[in-house]
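Chemist: Got a structure for you, written out below as structure tokens; questions coming shortly.
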Amino acid sequence: MSVTRSILLTLGLSLLLAGIGAWGGATYVAHRMHAQTPLHELVHAKLGLTAEQKTRIEGLEHEQAVRQEALQAEMRAANADLSMAISASQAYTPEVQAAVDRFHHAMGELQKQTILHVLAMRAVLTPEQAELFDQTVQRSLTAGGK
């Protein structure tokens, strides 16, 4: 096998594996976002929310779900672009980089929206409820929710 062919094969396989890794990462992130979190369980089962608090938080959750779905759709579209760009060139082209950047931007926006959502929910709570809420948020951020 010639050196050029070996390099092209290695590059092609590397790009394919990078695409699979990006898809796997997106799938993992999407799965984690749909799973019930300790924070969700706390808010809905353990804080003793008033009817008014429940209504406000349900509204916030509905708004977050809409934003989350839009950003997840953007991440799926970026992965589709990445797949097409890799297939078209078998090289790390500007189109591949643009698809990676598009995915990272959408994922970053999703993280920002999630943080804003958590802070908006906290604003609905009493000081006592907020203390438990804060402890759960801190555990989630420092120990993966354990």
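Letters A, B, ... mark the chains of the structure tokens in the order given; residue numbers begin at 1 per chain; ligand numbers begin at 1, in order shown.
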Can you tell me which residues surround Glu58 of chain A at a distance of at most 12 Å, considering only C-alpha atoms, apart from same-chain residues fewer than 4 positions away, and format the answer as a list in words?
Modeler: His40, Val43, His44, Leu49, Ala51, Glu52, Gln53, Lys54, His62, Glu63, Gln64, Ala65, His117, Ala120, Met121 and Val124 of chain A
Chemist: Considering only C-alpha atoms, return as a PyMOL selection string whatever protein or nucleic-acid residues lie within 6 Å of segment 73-85 of chain A, sequence-local ones (same chain, fewer than 2 positions apart) excluded.
Modeler: chain A and resi 70-71+87-88+95-96+99+102-103+106
Chemist: Excluding same-chain residues fewer than 3 positions from Arg122 of chain A, what lies within 12 Å of it counting only C-alpha atoms, as a tab-separated table (two decimals) with N, CA and C atoms, in the first residue's frame?
Modeler:
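To be explicit, this is the file written out as around_14.tsv:
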```
chain	number	residue	atom	x	y	z
A	39	LEU	N	-33.00	17.37	40.57
A	39	LEU	CA	-33.61	18.69	40.73
A	39	LEU	C	-35.09	18.66	40.37
A	40	HIS	N	-35.42	17.99	39.28
A	40	HIS	CA	-36.82	17.87	38.87
A	40	HIS	C	-37.62	17.14	39.94
A	42	LEU	N	-36.91	16.89	43.12
A	42	LEU	CA	-37.00	17.75	44.29
A	42	LEU	C	-38.12	18.77	44.11
A	43	VAL	N	-38.12	19.46	42.99
A	43	VAL	CA	-39.10	20.52	42.76
A	43	VAL	C	-40.52	19.97	42.79
A	47	LEU	N	-40.54	19.71	47.65
A	47	LEU	CA	-40.50	21.10	48.14
A	47	LEU	C	-41.82	21.58	48.71
A	49	LEU	N	-44.61	22.64	47.03
A	49	LEU	CA	-44.98	23.85	46.31
A	49	LEU	C	-46.44	24.20	46.52
A	53	GLN	N	-47.13	28.36	42.93
A	53	GLN	CA	-45.76	28.01	42.55
A	53	GLN	C	-45.76	26.92	41.47
A	56	ARG	N	-46.66	28.45	38.11
A	56	ARG	CA	-45.56	29.24	37.56
A	56	ARG	C	-44.43	28.35	37.05
A	57	ILE	N	-44.09	27.33	37.82
A	57	ILE	CA	-43.00	26.44	37.43
A	57	ILE	C	-43.40	25.62	36.20
A	60	LEU	N	-42.82	27.78	33.28
A	60	LEU	CA	-41.38	27.87	32.98
A	60	LEU	C	-40.89	26.59	32.30
A	115	ILE	N	-29.35	26.94	32.39
A	115	ILE	CA	-28.96	27.72	33.56
A	115	ILE	C	-29.99	28.81	33.85
A	116	LEU	N	-30.41	29.51	32.81
A	116	LEU	CA	-31.43	30.55	32.99
A	116	LEU	C	-32.73	29.96	33.50
A	117	HIS	N	-33.08	28.76	33.02
A	117	HIS	CA	-34.29	28.09	33.47
A	117	HIS	C	-34.19	27.74	34.96
A	118	VAL	N	-33.06	27.21	35.37
A	118	VAL	CA	-32.87	26.86	36.78
A	118	VAL	C	-32.99	28.11	37.66
A	119	LEU	N	-32.40	29.20	37.22
A	119	LEU	CA	-32.48	30.45	38.00
A	119	LEU	C	-33.91	30.99	38.03
A	125	LEU	N	-39.33	30.21	44.34
A	125	LEU	CA	-39.32	29.51	45.62
A	125	LEU	C	-39.20	30.45	46.82
A	126	THR	N	-39.64	29.94	47.96
A	126	THR	CA	-39.43	30.65	49.23
A	126	THR	C	-37.96	30.49	49.61
A	127	PRO	N	-37.47	31.29	50.55
A	127	PRO	CA	-36.07	31.14	50.97
A	127	PRO	C	-35.75	29.72	51.47
A	128	GLU	N	-36.67	29.11	52.20
A	128	GLU	CA	-36.43	27.76	52.71
A	128	GLU	C	-36.37	26.74	51.56
A	129	GLN	N	-37.28	26.86	50.63
A	129	GLN	CA	-37.28	25.98	49.46
A	129	GLN	C	-36.01	26.20	48.63
A	130	ALA	N	-35.63	27.47	48.48
A	130	ALA	CA	-34.45	27.80	47.68
A	130	ALA	C	-33.18	27.20	48.27
A	131	GLU	N	-33.12	27.10	49.59
A	131	GLU	CA	-31.94	26.51	50.22
A	131	GLU	C	-31.77	25.04	49.81
A	132	LEU	N	-32.85	24.27	49.86
A	132	LEU	CA	-32.81	22.87	49.42
A	132	LEU	C	-32.52	22.78	47.93
A	133	PHE	N	-33.13	23.65	47.18
A	133	PHE	CA	-32.93	23.72	45.73
A	133	PHE	C	-31.46	23.96	45.42
A	134	ASP	N	-30.87	24.95	46.09
A	134	ASP	CA	-29.46	25.29	45.86
A	134	ASP	C	-28.54	24.11	46.19
A	135	GLN	N	-28.83	23.42	47.28
A	135	GLN	CA	-28.01	22.25	47.65
A	135	GLN	C	-28.06	21.19	46.55
A	136	THR	N	-29.24	20.96	46.00
A	136	THR	CA	-29.40	19.96	44.95
A	136	THR	C	-28.67	20.40	43.67
A	137	VAL	N	-28.79	21.68	43.34
A	137	VAL	CA	-28.07	22.20	42.16
A	137	VAL	C	-26.57	22.03	42.34
```
Chemist: Could you tell me how far atom CA of Val100 of chain A lies from atom CA of Ile20 of chain A, in Å and to one decimal?
Modeler: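 Spanning atom CA of Val100 of chain A to atom CA of Ile20 of chain A is a straight-line distance of 12.4 Å.
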Chemist: Calculate how many Å separate atom CA of Gly24 of chain A from atom CA of Arg5 of chain A, rounding to one decimal.
Modeler: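 Distance between the two atoms: 28.2 Å.
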